[in-house]
Amino acid sequence: MSASSCNPDATWSRVENAANDARKEIERAQKVVDEAIERGATVVLSGAGLVHTFECPSIRQSIDIRSRYEGWEPEELMIEFRYGGGVHIPHLRTTDQVDGRYKVCKICKPNVVPKPKYVGPSTAASNLGSKHIGRRIDGQQVCAINLSVDKIAIQFEDGVVGTFSSSDRIVFDAGRHSVSLSNELATQHV
Ligand SMILES: [Zn+2]
């Protein structure tokens with residue numbers, strides 16, 4: 001072991017740096033949520049295939065990301081973001097963007113009639129690669145894909161970055177897709 005591992009100051013700054021990174025990620029996630037709400041989103045899609053209102057007890061915490069982590073100690077933030085997978089960005093939608101893959105939550109009863117929709121081709125998130133750039137997911141074109149050990153990030157044309165775990169199923173929109181993006185928007189491995 002190096003001497004620095006016994007130096008309390010070094011340990012402290014490592015924890016602080018990790019906590020600062022976590023705080024940045026929290027702010028970024030909150031911004032994605034706030035911007036989706038500004039664009040008219042009123043419901044949330046859950047991983048369990050349900051549509052919820054923002055007030056539903058089962059998802060409320062996922063919308064108010066900033067306050068969920070309020071008062072956390074730097075060490076707690078470091079552990080949560082390093083080993084707990086970090087912040088989950090909820091999938092916010094307007095009511096008419098909800099299709100028949102989703103069912104209405106019986107607790108919060110959002111005023112949504114999911115539209116029947118042809119479900120497009122899908123792949124495991126871990127299989128994503130440069131060939132998927134230019135495809136569309138929920139109407140948004142995929143601009144860049146970042147594969148890291150524990151998560152997969154997709155950047156969409158509207159600037160939103162969606163994060164997925166490697167076991168998540170990514171469903172593309174049906175139909176032809178545009179491949180007119182430039183080379184600099186290629187897949188990046190980090
Ligand atoms: Zn609900």
# chains A, B, ... in the order shown; residues from 1 in each chain; ligands from 1
$ closest_atom_pairs --of "chain A" --to "ligand 1" --cutoff "8 Å" --atoms "only C-alpha atoms and all ligand atoms" --output "tab-separated table"
residue	atom	partner	partner_atom_place_in_ligand_line	distance
A:Leu50	CA	ligand 1	1 (Zn)	7.4
A:Val51	CA	ligand 1	1 (Zn)	6.6
A:His52	CA	ligand 1	1 (Zn)	4.0
A:Thr53	CA	ligand 1	1 (Zn)	5.9
A:Glu55	CA	ligand 1	1 (Zn)	7.7
A:Cys56	CA	ligand 1	1 (Zn)	4.4
A:Pro57	CA	ligand 1	1 (Zn)	6.8
A:Ser58	CA	ligand 1	1 (Zn)	6.0
A:Ile59	CA	ligand 1	1 (Zn)	7.0
A:Val104	CA	ligand 1	1 (Zn)	7.6
A:Cys105	CA	ligand 1	1 (Zn)	4.5
A:Lys106	CA	ligand 1	1 (Zn)	6.5
A:Ile107	CA	ligand 1	1 (Zn)	5.0
A:Cys108	CA	ligand 1	1 (Zn)	4.1
A:Lys109	CA	ligand 1	1 (Zn)	6.5
A:Pro110	CA	ligand 1	1 (Zn)	7.4
$ write_last_selection --atoms "C-alpha atoms" --output "PDB file, in the first residue's frame"
ATOM      1  CA  LEU A  50     -46.811   1.693 -15.521  1.00  0.00           C
ATOM      2  CA  VAL A  51     -47.785   5.324 -16.146  1.00  0.00           C
ATOM      3  CA  HIS A  52     -47.888   7.549 -13.052  1.00  0.00           C
ATOM      4  CA  THR A  53     -48.750  11.131 -12.212  1.00  0.00           C
ATOM      5  CA  GLU A  55     -47.912  12.975  -7.271  1.00  0.00           C
ATOM      6  CA  CYS A  56     -47.927   9.172  -7.125  1.00  0.00           C
ATOM      7  CA  PRO A  57     -46.234   7.985  -3.913  1.00  0.00           C
ATOM      8  CA  SER A  58     -44.405   5.270  -5.836  1.00  0.00           C
ATOM      9  CA  ILE A  59     -42.466   7.711  -8.077  1.00  0.00           C
ATOM     10  CA  VAL A 104     -52.190   3.126 -16.053  1.00  0.00           C
ATOM     11  CA  CYS A 105     -51.241   2.985 -12.351  1.00  0.00           C
ATOM     12  CA  LYS A 106     -54.242   2.028 -10.237  1.00  0.00           C
ATOM     13  CA  ILE A 107     -53.102   4.151  -7.285  1.00  0.00           C
ATOM     14  CA  CYS A 108     -52.589   7.580  -8.879  1.00  0.00           C
ATOM     15  CA  LYS A 109     -54.907   6.983 -11.890  1.00  0.00           C
ATOM     16  CA  PRO A 110     -53.362   9.386 -14.444  1.00  0.00           C
TER      17      PRO A 110
END
$ select_by_dssp --residues "range 45-148 of chain A" --states "strand (DSSP E)" --output "MDAnalysis selection string"
chainID A and resid 45 50:53 91:93 103:104 122:124 136:137 140:147
$ write_last_selection --atoms "C-alpha atoms" --output "PDB file, in the first residue's frame"
ATOM      1  CA  LEU A  45     -43.161   5.862 -17.116  1.00  0.00           C
ATOM      2  CA  LEU A  50     -46.811   1.693 -15.521  1.00  0.00           C
ATOM      3  CA  VAL A  51     -47.785   5.324 -16.146  1.00  0.00           C
ATOM      4  CA  HIS A  52     -47.888   7.549 -13.052  1.00  0.00           C
ATOM      5  CA  THR A  53     -48.750  11.131 -12.212  1.00  0.00           C
ATOM      6  CA  HIS A  91     -38.791   8.838 -18.100  1.00  0.00           C
ATOM      7  CA  LEU A  92     -41.133  11.817 -18.323  1.00  0.00           C
ATOM      8  CA  ARG A  93     -43.714  12.072 -21.074  1.00  0.00           C
ATOM      9  CA  LYS A 103     -50.618   0.400 -18.176  1.00  0.00           C
ATOM     10  CA  VAL A 104     -52.190   3.126 -16.053  1.00  0.00           C
ATOM     11  CA  SER A 122     -35.377  -3.849 -29.518  1.00  0.00           C
ATOM     12  CA  THR A 123     -31.982  -4.772 -28.166  1.00  0.00           C
ATOM     13  CA  ALA A 124     -30.330  -5.184 -24.771  1.00  0.00           C
ATOM     14  CA  ARG A 136     -35.158   6.884 -32.886  1.00  0.00           C
ATOM     15  CA  ILE A 137     -36.466   6.053 -29.424  1.00  0.00           C
ATOM     16  CA  GLN A 140     -36.022  11.270 -30.381  1.00  0.00           C
ATOM     17  CA  GLN A 141     -32.992  10.560 -32.531  1.00  0.00           C
ATOM     18  CA  VAL A 142     -29.982   8.901 -30.886  1.00  0.00           C
ATOM     19  CA  CYS A 143     -26.939  11.206 -31.297  1.00  0.00           C
ATOM     20  CA  ALA A 144     -24.288   9.469 -29.182  1.00  0.00           C
ATOM     21  CA  ILE A 145     -23.891   6.346 -27.060  1.00  0.00           C
ATOM     22  CA  ASN A 146     -21.540   6.060 -24.109  1.00  0.00           C
ATOM     23  CA  LEU A 147     -20.778   2.596 -22.797  1.00  0.00           C
TER      24      LEU A 147
END
$ select_by_dssp --residues "range 37-90 of chain A" --states "helix (DSSP H, G or I)" --output "list in words"
Ile37, Glu38, Arg60, Gln61, Ser62, Ile63, Ile65, Arg66, Ser67, Arg68, Pro74, Glu75, Glu76, Leu77, Met78, Ile79, Glu80, Phe81, Arg82 and Tyr83 of chain A
$ residues_around --residues "Asn20 in chain A" --least-positions-apart "5" --cutoff "10 Å" --atoms "only C-alpha atoms" --output "ChimeraX atom specification"
/A:14-15,25-26,74,77-78
$ closest_residue --among "A:Phe172, A:Tyr69, A:Thr42, A:Lys115" --to "Gly100 in chain A" --atoms "only C-alpha atoms"
A:Lys115
$ closest_residue --among "A:Asp9, A:Asp150, A:Glu157, A:Asp138" --to "Ile170 in chain A" --atoms "only C-alpha atoms"
A:Asp138
